[in-house]
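**Student:** My structure is stored as run_12.tsv, with TSV, C-alpha atoms.
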chain	number	residue	atom	x	y	z
A	25	MET	CA	-62.72	50.93	-79.21
A	26	GLU	CA	-65.60	49.67	-77.10
A	27	ILE	CA	-63.11	48.52	-74.43
A	28	VAL	CA	-61.35	51.90	-74.52
A	29	LYS	CA	-64.66	53.64	-73.99
A	30	GLU	CA	-65.68	51.18	-71.29
A	31	PHE	CA	-62.48	51.82	-69.30
A	32	GLY	CA	-62.73	55.56	-69.86
A	33	LEU	CA	-59.37	55.92	-71.61
A	34	ASN	CA	-59.18	59.57	-72.59
A	35	PRO	CA	-56.15	61.00	-74.48
A	36	TYR	CA	-56.36	64.34	-72.65
A	37	LEU	CA	-56.52	62.71	-69.24
A	38	LEU	CA	-53.73	60.32	-70.22
A	39	ALA	CA	-51.50	63.21	-71.39
A	40	ALA	CA	-52.38	65.20	-68.27
A	41	GLN	CA	-51.42	62.28	-66.02
A	42	ILE	CA	-48.11	61.81	-67.88
A	43	VAL	CA	-47.27	65.52	-67.65
A	44	ASN	CA	-48.39	65.60	-64.01
A	45	PHE	CA	-46.14	62.66	-63.12
A	46	LEU	CA	-43.15	64.19	-64.91
A	47	ILE	CA	-43.64	67.46	-63.02
A	48	ILE	CA	-43.87	65.61	-59.69
A	49	LEU	CA	-40.80	63.58	-60.63
A	50	TYR	CA	-38.86	66.78	-61.37
A	51	ILE	CA	-39.96	68.52	-58.16
A	52	LEU	CA	-39.24	65.53	-55.92
A	53	LYS	CA	-35.87	65.00	-57.60
A	54	LYS	CA	-34.84	68.61	-57.04
A	55	LEU	CA	-36.35	69.21	-53.60
A	56	LEU	CA	-36.62	65.88	-51.83
A	57	TYR	CA	-34.17	63.29	-53.12
A	58	LYS	CA	-31.27	65.65	-53.69
A	59	SER	CA	-31.47	67.23	-50.23
A	60	VAL	CA	-32.03	63.91	-48.44
A	61	LEU	CA	-29.27	62.09	-50.32
A	62	ASP	CA	-26.90	65.03	-49.77
A	63	MET	CA	-27.75	64.99	-46.07
A	64	LEU	CA	-27.22	61.22	-45.88
A	65	LYS	CA	-23.84	61.64	-47.57
A	66	LYS	CA	-22.94	64.53	-45.27
A	67	ARG	CA	-23.90	62.46	-42.22
A	68	SER	CA	-22.03	59.43	-43.50
A	69	ASP	CA	-18.96	61.62	-44.12
A	70	SER	CA	-19.17	63.17	-40.66
A	71	ILE	CA	-19.50	59.69	-39.08
A	72	LYS	CA	-16.50	58.49	-41.08
A	73	GLU	CA	-14.58	61.60	-40.02
A	74	GLY	CA	-15.58	60.99	-36.39
A	75	ILE	CA	-14.43	57.38	-36.55
A	76	LYS	CA	-11.17	58.49	-38.18
A	77	GLN	CA	-10.59	61.13	-35.49
A	78	ALA	CA	-11.42	58.64	-32.73
A	79	GLU	CA	-8.93	56.19	-34.24
A	80	GLU	CA	-6.30	58.93	-34.43
A	81	GLY	CA	-7.06	59.88	-30.82
A	82	ARG	CA	-6.71	56.26	-29.75
A	83	LEU	CA	-3.35	55.97	-31.51
A	84	THR	CA	-2.14	59.24	-29.93
A	85	LEU	CA	-3.24	58.00	-26.51
A	86	GLU	CA	-1.47	54.69	-27.03
A	87	LYS	CA	1.66	56.55	-28.12
A	88	ALA	CA	1.45	58.86	-25.08
A	89	LEU	CA	1.01	55.88	-22.75
A	90	GLU	CA	4.02	54.19	-24.36
A	91	GLU	CA	6.02	57.41	-23.93
A	92	GLU	CA	4.87	57.68	-20.32
A	93	LYS	CA	5.99	54.11	-19.64
A	94	LYS	CA	9.39	54.83	-21.18
A	95	ILE	CA	9.83	58.01	-19.13
A	96	LEU	CA	8.72	56.23	-15.96
A	97	LYS	CA	11.13	53.37	-16.59
A	98	LYS	CA	13.97	55.81	-17.26
A	99	ALA	CA	13.16	57.73	-14.05
A	100	GLN	CA	13.04	54.48	-12.07
A	101	ASP	CA	16.40	53.40	-13.50
A	102	GLN	CA	17.92	56.78	-12.69
A	103	SER	CA	16.58	56.79	-9.14
A	104	ARG	CA	17.81	53.22	-8.60
A	105	LYS	CA	21.25	54.23	-9.86
A	106	ILE	CA	21.32	57.29	-7.57
A	107	VAL	CA	20.36	55.16	-4.56
A	108	ASP	CA	23.00	52.54	-5.47
A	109	ASP	CA	25.66	55.25	-5.87
A	110	ALA	CA	24.66	56.80	-2.55
A	111	ASN	CA	24.88	53.41	-0.85
A	112	THR	CA	28.31	52.74	-2.34
A	113	GLN	CA	29.50	56.21	-1.35
A	114	ALA	CA	28.12	55.80	2.18
A	115	VAL	CA	29.91	52.45	2.61
A	116	SER	CA	33.15	53.97	1.31
A	117	ILE	CA	32.89	57.03	3.61
A	118	SER	CA	32.07	54.82	6.57
A	119	LYS	CA	35.12	52.63	5.87
A	120	GLU	CA	37.33	55.70	5.56
A	121	ILE	CA	36.04	57.15	8.83
A	122	GLU	CA	36.58	53.79	10.55
A	123	GLU	CA	40.13	53.59	9.24
A	124	ASN	CA	40.91	57.15	10.33
A	125	SER	CA	39.50	56.52	13.76
A	126	ARG	CA	41.49	53.31	14.11
A	127	LYS	CA	44.70	55.07	13.04
A	128	GLN	CA	44.08	57.96	15.42
A	129	ALA	CA	43.36	55.58	18.30
A	130	GLU	CA	46.57	53.67	17.60
A	131	LYS	CA	48.51	56.95	17.49
A	132	ILE	CA	47.04	58.10	20.82
A	133	LEU	CA	47.79	54.71	22.35
A	134	GLU	CA	51.37	54.85	21.10
A	135	GLU	CA	51.82	58.34	22.52
A	136	ALA	CA	50.39	57.26	25.83
A	137	LYS	CA	52.71	54.27	25.99
A	138	ARG	CA	55.66	56.47	25.16
A	139	GLN	CA	54.70	58.97	27.85
A	140	ILE	CA	54.23	56.22	30.42
A	141	GLU	CA	57.64	54.79	29.62
A	142	GLN	CA	59.20	58.24	29.91
A	143	GLU	CA	57.41	58.83	33.18
A	144	ALA	CA	58.62	55.48	34.49
A	145	LYS	CA	62.20	56.23	33.50
A	146	ASP	CA	62.06	59.68	35.10
A	147	THR	CA	60.60	58.26	38.28
A	148	GLU	CA	63.22	55.53	38.33
A	149	ARG	CA	65.94	58.09	37.77
A	150	ARG	CA	64.62	60.37	40.51
A	151	LEU	CA	64.24	57.42	42.87
A	152	SER	CA	67.79	56.33	42.17
A	153	GLU	CA	69.08	59.83	42.86
A	154	ASN	CA	67.15	59.96	46.08
A	155	VAL	CA	68.48	56.55	47.13
A	156	THR	CA	72.02	57.66	46.31
A	157	ASN	CA	71.63	60.88	48.22
A	158	LEU	CA	70.09	59.09	51.15
A	159	SER	CA	72.82	56.44	51.07
A	160	ILE	CA	75.55	59.07	51.03
A	161	GLU	CA	73.88	60.90	53.90
A	162	LEU	CA	73.56	57.67	55.74
A	163	ILE	CA	77.24	56.79	55.11
A	164	LYS	CA	78.28	60.31	56.12
A	165	LYS	CA	76.43	60.00	59.39
A	166	SER	CA	77.49	56.45	60.12
A	167	VAL	CA	81.20	56.75	59.23
A	168	GLY	CA	81.74	60.39	60.26
A	169	GLU	CA	82.78	59.46	63.74
A	170	LEU	CA	84.99	56.51	62.73
A	171	PHE	CA	87.11	57.91	59.91
A	172	GLY	CA	88.99	61.18	59.22
A	173	GLU	CA	87.92	63.67	56.75
A	174	ARG	CA	90.08	62.34	53.98
A	175	GLU	CA	89.06	58.68	54.56
A	176	GLN	CA	85.44	59.80	54.72
A	177	LYS	CA	85.79	61.53	51.39
A	178	GLN	CA	87.42	58.49	49.82
A	179	LEU	CA	84.76	56.16	51.22
A	180	ILE	CA	81.92	58.35	50.10
A	181	GLU	CA	83.41	58.64	46.59
A	182	LYS	CA	83.83	54.88	46.48
A	183	ALA	CA	80.24	54.31	47.63
A	184	ALA	CA	78.97	56.84	45.12
A	185	LYS	CA	80.87	55.04	42.37
A	186	GLN	CA	79.47	51.69	43.53
A	187	LEU	CA	75.91	53.11	43.60
A	188	SER	CA	76.28	54.73	40.23
A	189	LYS	CA	77.54	51.38	38.84
A	190	LYS	CA	74.42	49.65	40.28
A	191	LYS	CA	72.18	52.12	38.55
B	8	MET	CA	-72.33	50.23	-59.15
B	9	VAL	CA	-68.88	51.80	-59.56
B	10	SER	CA	-68.04	52.43	-63.23
B	11	PHE	CA	-64.64	51.54	-64.72
B	12	ALA	CA	-64.26	55.05	-66.08
B	13	ALA	CA	-63.60	57.98	-63.81
B	14	GLU	CA	-66.62	60.27	-63.54
B	15	PRO	CA	-66.23	63.91	-64.71
B	16	ILE	CA	-67.13	66.42	-62.03
B	17	PHE	CA	-66.81	69.48	-64.27
B	18	ARG	CA	-65.11	70.54	-67.50
B	19	LEU	CA	-62.38	73.07	-68.27
B	20	GLY	CA	-63.06	73.65	-71.97
B	21	PHE	CA	-62.37	70.30	-73.63
B	22	PHE	CA	-60.64	68.89	-70.55
B	23	PRO	CA	-62.83	66.77	-68.27
B	24	VAL	CA	-61.92	67.23	-64.59
B	25	THR	CA	-62.76	63.83	-63.15
B	26	ASN	CA	-62.88	62.71	-59.53
B	27	THR	CA	-59.57	60.88	-60.08
B	28	VAL	CA	-57.98	64.08	-61.39
B	29	LEU	CA	-59.06	65.81	-58.15
B	30	ASP	CA	-57.40	63.00	-56.16
B	31	THR	CA	-54.28	63.34	-58.33
B	32	ILE	CA	-54.15	67.03	-57.37
B	33	ILE	CA	-54.47	66.10	-53.67
B	34	VAL	CA	-51.65	63.55	-54.01
B	35	ASP	CA	-49.52	66.16	-55.83
B	36	VAL	CA	-50.13	68.75	-53.11
B	37	LEU	CA	-49.21	66.24	-50.40
B	38	LEU	CA	-46.00	65.22	-52.17
B	39	ILE	CA	-44.94	68.78	-52.96
B	40	ALA	CA	-45.73	69.88	-49.38
B	41	LEU	CA	-43.61	67.00	-48.06
B	42	ALA	CA	-40.75	67.87	-50.41
B	43	VAL	CA	-40.85	71.57	-49.50
B	44	TYR	CA	-41.09	70.76	-45.77
B	45	ILE	CA	-38.06	68.43	-45.95
B	46	LYS	CA	-36.09	70.88	-48.10
B	47	LYS	CA	-36.69	73.73	-45.63
B	48	ASN	CA	-36.32	71.78	-42.39
B	49	ILE	CA	-33.62	69.27	-43.20
B	50	LYS	CA	-31.15	68.89	-40.32
B	51	LEU	CA	-28.11	66.79	-39.52
B	52	VAL	CA	-29.99	65.39	-36.53
B	53	PRO	CA	-33.34	64.38	-38.05
B	54	GLY	CA	-36.81	64.78	-36.60
B	55	PHE	CA	-39.56	62.14	-36.87
B	56	ILE	CA	-40.74	62.96	-40.42
B	57	GLN	CA	-37.24	63.49	-41.78
B	58	ASN	CA	-36.16	60.22	-40.17
B	59	LEU	CA	-39.05	58.35	-41.79
B	60	ILE	CA	-38.33	59.85	-45.23
B	61	GLU	CA	-34.59	59.27	-44.89
B	62	MET	CA	-35.19	55.65	-43.91
B	63	ALA	CA	-37.41	55.06	-46.97
B	64	ILE	CA	-35.07	56.86	-49.36
B	65	GLU	CA	-31.96	55.14	-47.99
B	66	THR	CA	-33.62	51.71	-48.18
B	67	PHE	CA	-34.76	52.22	-51.77
B	68	TYR	CA	-31.45	53.74	-52.82
B	69	SER	CA	-29.48	50.82	-51.35
B	70	LEU	CA	-31.83	48.40	-53.08
B	71	THR	CA	-31.37	50.17	-56.41
B	72	GLU	CA	-27.60	50.23	-55.90
B	73	SER	CA	-27.55	46.49	-55.19
B	74	VAL	CA	-29.47	45.82	-58.43
B	75	ALA	CA	-28.17	48.49	-60.80
B	76	GLY	CA	-24.77	49.37	-59.31
B	77	GLU	CA	-23.43	52.74	-60.48
B	78	ARG	CA	-26.56	53.38	-62.58
B	79	ALA	CA	-28.56	53.67	-59.34
B	80	SER	CA	-28.44	57.48	-59.29
B	81	LYS	CA	-30.28	57.61	-62.64
B	82	ILE	CA	-32.84	54.91	-61.87
B	83	PHE	CA	-33.57	55.83	-58.26
B	84	PRO	CA	-35.69	59.01	-58.84
B	85	TYR	CA	-38.13	57.05	-61.05
B	86	LEU	CA	-38.37	54.17	-58.62
B	87	MET	CA	-38.95	56.42	-55.59
B	88	THR	CA	-41.43	58.73	-57.32
B	89	PHE	CA	-43.45	55.82	-58.68
B	90	PHE	CA	-43.53	54.30	-55.21
B	91	LEU	CA	-44.53	57.48	-53.34
B	92	PHE	CA	-47.08	58.61	-55.93
B	93	ILE	CA	-48.78	55.22	-56.26
B	94	LEU	CA	-48.69	54.52	-52.50
B	95	ILE	CA	-50.32	57.83	-51.57
B	96	ALA	CA	-52.83	57.53	-54.43
B	97	ASN	CA	-53.72	53.96	-53.37
B	98	TRP	CA	-54.10	54.83	-49.70
B	99	SER	CA	-56.00	58.05	-50.41
B	100	GLY	CA	-58.89	55.92	-51.65
B	101	LEU	CA	-59.20	54.48	-48.13
B	102	ILE	CA	-59.78	57.86	-46.47
B	103	PRO	CA	-63.39	58.11	-45.26
B	104	GLY	CA	-65.36	60.28	-47.69
B	105	PHE	CA	-63.54	59.05	-50.80
B	106	GLY	CA	-66.13	57.31	-52.93
B	107	THR	CA	-68.90	58.05	-50.46
B	108	ILE	CA	-69.34	61.82	-50.66
B	109	GLY	CA	-70.72	62.87	-54.02
B	110	LEU	CA	-73.56	64.11	-56.14
B	111	TYR	CA	-76.54	62.53	-57.79
B	112	GLU	CA	-76.46	63.41	-61.48
B	113	GLY	CA	-78.75	62.98	-64.47
B	114	LYS	CA	-82.28	61.84	-64.82
B	115	GLU	CA	-81.41	58.42	-63.46
B	116	ARG	CA	-79.86	60.16	-60.44
B	117	THR	CA	-76.61	58.22	-60.70
B	118	PHE	CA	-74.31	58.68	-57.71
B	119	VAL	CA	-71.02	60.35	-58.67
B	120	PRO	CA	-68.36	60.45	-55.91
B	121	LEU	CA	-66.42	63.71	-55.67
B	122	LEU	CA	-63.17	61.95	-55.00
B	123	ARG	CA	-61.87	58.60	-56.15
B	124	SER	CA	-58.41	57.02	-55.88
B	125	ALA	CA	-56.24	58.20	-58.79
B	126	THR	CA	-54.91	54.70	-59.41
B	127	SER	CA	-58.44	53.35	-59.90
B	128	ASP	CA	-58.42	55.26	-63.21
B	129	ILE	CA	-56.85	53.55	-66.22
B	130	ASN	CA	-55.65	56.94	-67.52
B	131	THR	CA	-53.40	57.32	-64.47
B	132	THR	CA	-52.04	53.77	-64.44
B	133	PHE	CA	-51.60	53.71	-68.22
B	134	GLY	CA	-49.87	57.08	-68.08
B	135	LEU	CA	-47.52	55.83	-65.34
B	136	ALA	CA	-46.76	52.69	-67.35
B	137	ILE	CA	-45.97	54.78	-70.46
B	138	VAL	CA	-43.63	56.99	-68.41
B	139	SER	CA	-41.99	53.86	-67.03
B	140	LEU	CA	-41.49	52.40	-70.52
B	141	VAL	CA	-40.28	55.61	-72.17
B	142	ALA	CA	-37.92	56.42	-69.28
B	143	THR	CA	-36.54	52.87	-69.38
B	144	HIS	CA	-35.78	53.12	-73.09
B	145	MET	CA	-34.35	56.62	-72.81
B	146	LEU	CA	-32.03	55.49	-70.02
B	147	SER	CA	-31.11	52.40	-71.99
B	148	SER	CA	-30.24	54.36	-75.17
B	149	THR	CA	-28.23	56.99	-73.30
B	150	THR	CA	-26.38	54.44	-71.15
B	151	LEU	CA	-25.62	51.86	-73.82
B	152	GLY	CA	-25.42	54.10	-76.86
B	153	ILE	CA	-27.82	54.05	-79.81
B	154	LYS	CA	-25.99	51.23	-81.64
B	155	GLU	CA	-26.07	48.72	-78.79
B	156	TYR	CA	-29.59	49.81	-77.83
B	157	LEU	CA	-30.99	49.24	-81.32
B	158	GLY	CA	-28.97	46.04	-81.60
B	159	ARG	CA	-31.25	44.49	-78.99
B	160	TYR	CA	-34.24	44.72	-81.36
B	161	PHE	CA	-32.87	44.87	-84.89
B	162	SER	CA	-30.38	42.52	-86.45
B	163	LEU	CA	-29.43	41.09	-89.84
B	164	ASN	CA	-29.42	37.66	-88.30
B	165	PRO	CA	-33.00	36.32	-88.82
B	166	ILE	CA	-33.08	34.55	-85.42
B	167	ASN	CA	-31.93	37.67	-83.60
B	168	LEU	CA	-34.41	39.74	-85.61
B	169	TYR	CA	-37.20	37.37	-84.56
B	170	VAL	CA	-36.07	37.67	-80.92
B	171	GLY	CA	-36.02	41.45	-81.39
B	172	VAL	CA	-39.62	41.46	-82.62
B	173	LEU	CA	-40.59	39.37	-79.59
B	174	GLU	CA	-38.77	41.88	-77.39
B	175	ILE	CA	-40.78	44.75	-78.92
B	176	ILE	CA	-44.02	42.86	-78.29
B	177	GLY	CA	-42.75	42.22	-74.76
B	178	GLU	CA	-42.24	45.94	-74.22
B	179	ILE	CA	-45.84	46.66	-75.25
B	180	THR	CA	-47.01	43.88	-72.96
B	181	LYS	CA	-45.09	45.44	-70.11
B	182	VAL	CA	-47.15	48.61	-70.42
B	183	ILE	CA	-50.39	46.69	-70.48
B	184	SER	CA	-49.45	44.42	-67.58
B	185	LEU	CA	-48.12	47.28	-65.42
B	186	SER	CA	-51.14	49.50	-65.97
B	187	PHE	CA	-53.87	46.89	-65.76
B	188	ARG	CA	-52.37	45.13	-62.72
B	189	LEU	CA	-52.39	48.35	-60.73
B	190	PHE	CA	-55.73	49.51	-62.04
B	191	GLY	CA	-57.36	46.11	-61.50
B	192	ASN	CA	-56.14	45.70	-57.93
B	193	ILE	CA	-57.11	49.16	-56.76
B	194	PHE	CA	-60.41	49.29	-58.65
B	195	ALA	CA	-61.32	45.82	-57.33
B	196	GLY	CA	-60.42	46.97	-53.82
B	197	GLU	CA	-62.75	49.94	-54.11
B	198	VAL	CA	-65.56	47.72	-55.38
B	199	VAL	CA	-65.02	45.26	-52.52
B	200	LEU	CA	-64.98	48.06	-49.93
B	201	GLY	CA	-68.15	49.60	-51.43
B	202	THR	CA	-69.93	46.26	-51.40
B	203	VAL	CA	-68.84	45.39	-47.85
B	204	ALA	CA	-69.75	48.85	-46.57
B	205	GLY	CA	-73.15	48.39	-48.23
B	206	LEU	CA	-73.68	45.20	-46.23
B	207	SER	CA	-72.69	46.73	-42.92
B	208	ALA	CA	-71.17	50.14	-42.35
B	209	PHE	CA	-69.77	49.34	-38.86
B	210	LEU	CA	-66.78	47.13	-37.95
B	211	PHE	CA	-67.40	44.65	-40.77
B	212	PRO	CA	-65.39	46.65	-43.38
B	213	LEU	CA	-62.36	47.03	-41.04
B	214	PRO	CA	-60.55	43.76	-42.02
B	215	PHE	CA	-61.15	44.64	-45.67
B	216	LEU	CA	-59.74	48.13	-45.10
B	217	LEU	CA	-56.64	46.59	-43.52
B	218	LEU	CA	-56.35	44.25	-46.51
B	219	GLU	CA	-56.57	47.23	-48.88
B	220	VAL	CA	-53.82	49.02	-46.94
B	221	ILE	CA	-51.58	46.01	-47.60
B	222	VAL	CA	-52.74	45.74	-51.24
B	223	GLY	CA	-52.00	49.45	-51.76
B	224	LEU	CA	-48.46	49.05	-50.37
B	225	VAL	CA	-47.80	45.84	-52.31
B	226	GLN	CA	-49.04	47.29	-55.60
B	227	ALA	CA	-46.89	50.41	-55.17
B	228	LEU	CA	-43.90	48.15	-54.48
B	229	VAL	CA	-44.68	45.86	-57.42
B	230	PHE	CA	-44.96	48.73	-59.91
B	231	SER	CA	-41.80	50.48	-58.71
B	232	MET	CA	-39.73	47.30	-58.35
B	233	LEU	CA	-40.69	46.06	-61.80
B	234	THR	CA	-39.79	49.44	-63.28
B	235	MET	CA	-36.44	49.29	-61.49
B	236	ALA	CA	-35.83	45.74	-62.73
B	237	PHE	CA	-36.69	46.69	-66.33
B	238	MET	CA	-34.43	49.73	-66.13
B	239	ALA	CA	-31.57	47.75	-64.61
B	240	ILE	CA	-31.87	45.02	-67.26
B	241	LEU	CA	-32.11	47.38	-70.21
B	242	THR	CA	-29.24	49.59	-69.03
B	243	THR	CA	-26.87	46.66	-68.50
B	244	PRO	CA	-24.33	46.44	-71.34
B	245	HIS	CA	-24.23	43.14	-73.23
B	246	HIS	CA	-20.68	42.24	-72.09
B	247	GLU	CA	-21.53	42.99	-68.45
B	248	ALA	CA	-24.63	40.80	-68.65
B	249	LYS	CA	-22.44	37.99	-70.07
B	250	GLU	CA	-19.96	38.39	-67.21
B	251	VAL	CA	-22.77	38.21	-64.65
B	252	SER	CA	-24.27	35.11	-66.24
B	253	ALA	CA	-20.79	33.50	-66.42
B	254	LYS	CA	-20.35	34.06	-62.68
Could you express the structure from this file as structure tokens?

**Tutor:**
Amino acid sequence: MEIVKEFGLNPYLLAAQIVNFLIILYILKKLLYKSVLDMLKKRSDSIKEGIKQAEEGRLTLEKALEEEKKILKKAQDQSRKIVDDANTQAVSISKEIEENSRKQAEKILEEAKRQIEQEAKDTERRLSENVTNLSIELIKKSVGELFGEREQKQLIEKAAKQLSKKK
Amino acid sequence: MVSFAAEPIFRLGFFPVTNTVLDTIIVDVLLIALAVYIKKNIKLVPGFIQNLIEMAIETFYSLTESVAGERASKIFPYLMTFFLFILIANWSGLIPGFGTIGLYEGKERTFVPLLRSATSDINTTFGLAIVSLVATHMLSSTTLGIKEYLGRYFSLNPINLYVGVLEIIGEITKVISLSFRLFGNIFAGEVVLGTVAGLSAFLFPLPFLLLEVIVGLVQALVFSMLTMAFMAILTTPHHEAKEVSAK
């Protein structure tokens, strides 16, 4: 008991300190710890949510980039095909035009040759007629004084026959 | 000479209002003000004070979780309140004016300081130790169930019964060791500071003040950590403890 008195142990003070601590414990539990722990949880949840959303965003972006690549590749393939088709078509049209031109040129040449031949024949025929006429005139003039009318006629007919044979 | 017992300043009927009771009220006001301030001003993006409090609470909660697992939510309020209350009470004794401003009483004109650190009073430390013990056993009985809880101390097996008796003595010792360790350290600190300040009031006491700041923090940690350890041990079911020791 001497020690208790020496240290000042007092049942009222002891009880008061116990009650005081329990009250403080209750107040801090309700006001401080609960609100801080709730806030920490809320913050942790919002960070987790943020990370989750960022991850989702990253996946969406990756997907969009993949899609973009696919579309770009498809467009490139299509454009290449169009260019190839156009080239093939151009070559084909060019060949066709060349062929047509060649055929037309041949036709024109043929026609020209035919016309030239015709012209040559006509000229030859006209020349032959002129020669015949001139020959007959020449015979008429040269034999008119030597032979009678009947002999002249026979001679001219004979010469005409000979000339027409030579033609 | 500083007396072991806290000095009464005045009386409220039969209740002696001592200088340590006045300090207890100051500590209470500070803690309640802090709690109300945090409750009213808590934000998702914390300010300086909220950040400091959150850091302390998160650290202690994680520590409790690592020791007690899912029982952390029950143990944590005791641990944190013991720590905050003891820390502020310990450090309050270092505020200039504590232990130095007072009255001369009686015929012998004994100096009675108006304020004295709450933890330099055995009533406070003993009271805290009793709360620690009772709370530990209440948590243990509610967590384990009355049968398993009583099974720790009482058994038909004479060896286990003997161990149980030793356990009960151990529990009483816990109260004594917790309360006297805290009381002794803080009271001794006050005596040392008083003596040093008596030798030289300027500069000389500064290293001792710094030492007492560390002692105050360490003692608050020791009390709260021991309480947490006792609670964690006594709330661990027997089969779980076996599993842990097997690992």

**Student:** Could you check how far atom CA of Gln186 of chain A sits from atom CA of Ser166 of chain A, in Å to one decimal?

**Tutor:**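 One can read the atom CA of Gln186 of chain A to atom CA of Ser166 of chain A distance as 17.4 Å.
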
**Student:** Using 12 Å as the limit and counting all atoms listed in the file, can you tabulate each residue of chain A that touches chain B, with its shortest atom-to-atom distance in Å and the two atoms involved, as a Markdown table?

**Tutor:**
| residue | atom | partner | partner_atom | distance |
| --- | --- | --- | --- | --- |
| A:Ile27 | CA | B:Phe11 | CA | 10.3 |
| A:Val28 | CA | B:Ala12 | CA | 9.5 |
| A:Lys29 | CA | B:Ala12 | CA | 8.0 |
| A:Glu30 | CA | B:Ala12 | CA | 6.6 |
| A:Phe31 | CA | B:Ala12 | CA | 4.9 |
| A:Gly32 | CA | B:Ala12 | CA | 4.1 |
| A:Leu33 | CA | B:Asn130 | CA | 5.6 |
| A:Asn34 | CA | B:Asn130 | CA | 6.7 |
| A:Pro35 | CA | B:Asn130 | CA | 8.1 |
| A:Tyr36 | CA | B:Phe22 | CA | 6.6 |
| A:Leu37 | CA | B:Asn130 | CA | 6.1 |
| A:Leu38 | CA | B:Asn130 | CA | 4.7 |
| A:Ala39 | CA | B:Gly134 | CA | 7.2 |
| A:Ala40 | CA | B:Gly134 | CA | 8.5 |
| A:Gln41 | CA | B:Thr131 | CA | 5.6 |
| A:Ile42 | CA | B:Gly134 | CA | 5.1 |
| A:Val43 | CA | B:Gly134 | CA | 8.8 |
| A:Asn44 | CA | B:Asp35 | CA | 8.3 |
| A:Phe45 | CA | B:Leu135 | CA | 7.3 |
| A:Leu46 | CA | B:Val138 | CA | 8.0 |
| A:Ile47 | CA | B:Asp35 | CA | 9.4 |
| A:Ile48 | CA | B:Asp35 | CA | 6.9 |
| A:Leu49 | CA | B:Thr88 | CA | 5.9 |
| A:Tyr50 | CA | B:Pro84 | CA | 8.8 |
| A:Ile51 | CA | B:Ile39 | CA | 7.2 |
| A:Leu52 | CA | B:Ala42 | CA | 6.2 |
| A:Lys53 | CA | B:Pro84 | CA | 6.1 |
| A:Lys54 | CA | B:Ala42 | CA | 8.9 |
| A:Leu55 | CA | B:Ala42 | CA | 5.6 |
| A:Leu56 | CA | B:Ala42 | CA | 4.8 |
| A:Tyr57 | CA | B:Pro84 | CA | 7.3 |
| A:Lys58 | CA | B:Lys46 | CA | 9.0 |
| A:Ser59 | CA | B:Lys46 | CA | 6.3 |
| A:Val60 | CA | B:Glu61 | CA | 6.4 |
| A:Leu61 | CA | B:Glu65 | CA | 7.8 |
| A:Asp62 | CA | B:Ile49 | CA | 10.3 |
| A:Met63 | CA | B:Leu51 | CA | 6.8 |
| A:Leu64 | CA | B:Glu61 | CA | 7.7 |
| A:Lys65 | CA | B:Glu65 | CA | 10.4 |
| A:Lys66 | CA | B:Leu51 | CA | 8.1 |
| A:Arg67 | CA | B:Leu51 | CA | 6.6 |
| A:Ser68 | CA | B:Leu51 | CA | 10.3 |
| A:Asp69 | CA | B:Leu51 | CA | 11.5 |
| A:Ser70 | CA | B:Leu51 | CA | 9.7 |
| A:Ile71 | CA | B:Leu51 | CA | 11.2 |

**Student:** Which value, in Å to one decimal, gives the distance between atom CA of Ala184 of chain A and atom CA of Val155 of chain A?

**Tutor:**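 These atoms are spaced 10.7 Å apart.
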
**Student:** As a CSV table (one decimal) with C-alpha atoms, in the frame of the given file, please: the residues near segment 102-113 of chain B (cut-off 12 Å, all atoms listed in the file, same-chain neighbours under 3 positions excluded).

**Tutor:**
chain,number,residue,atom,x,y,z
B,8,MET,CA,-72.3,50.2,-59.2
B,9,VAL,CA,-68.9,51.8,-59.6
B,10,SER,CA,-68.0,52.4,-63.2
B,13,ALA,CA,-63.6,58.0,-63.8
B,14,GLU,CA,-66.6,60.3,-63.5
B,15,PRO,CA,-66.2,63.9,-64.7
B,16,ILE,CA,-67.1,66.4,-62.0
B,17,PHE,CA,-66.8,69.5,-64.3
B,26,ASN,CA,-62.9,62.7,-59.5
B,27,THR,CA,-59.6,60.9,-60.1
B,29,LEU,CA,-59.1,65.8,-58.2
B,30,ASP,CA,-57.4,63.0,-56.2
B,33,ILE,CA,-54.5,66.1,-53.7
B,95,ILE,CA,-50.3,57.8,-51.6
B,96,ALA,CA,-52.8,57.5,-54.4
B,97,ASN,CA,-53.7,54.0,-53.4
B,98,TRP,CA,-54.1,54.8,-49.7
B,99,SER,CA,-56.0,58.0,-50.4
B,116,ARG,CA,-79.9,60.2,-60.4
B,117,THR,CA,-76.6,58.2,-60.7
B,118,PHE,CA,-74.3,58.7,-57.7
B,119,VAL,CA,-71.0,60.4,-58.7
B,120,PRO,CA,-68.4,60.4,-55.9
B,121,LEU,CA,-66.4,63.7,-55.7
B,122,LEU,CA,-63.2,62.0,-55.0
B,123,ARG,CA,-61.9,58.6,-56.2
B,124,SER,CA,-58.4,57.0,-55.9
B,125,ALA,CA,-56.2,58.2,-58.8
B,127,SER,CA,-58.4,53.4,-59.9
B,194,PHE,CA,-60.4,49.3,-58.6
B,196,GLY,CA,-60.4,47.0,-53.8
B,197,GLU,CA,-62.8,49.9,-54.1
B,198,VAL,CA,-65.6,47.7,-55.4
B,200,LEU,CA,-65.0,48.1,-49.9
B,201,GLY,CA,-68.2,49.6,-51.4
B,202,THR,CA,-69.9,46.3,-51.4
B,204,ALA,CA,-69.8,48.8,-46.6
B,205,GLY,CA,-73.2,48.4,-48.2
B,208,ALA,CA,-71.2,50.1,-42.4
B,212,PRO,CA,-65.4,46.6,-43.4
B,213,LEU,CA,-62.4,47.0,-41.0
B,216,LEU,CA,-59.7,48.1,-45.1
B,219,GLU,CA,-56.6,47.2,-48.9
B,220,VAL,CA,-53.8,49.0,-46.9
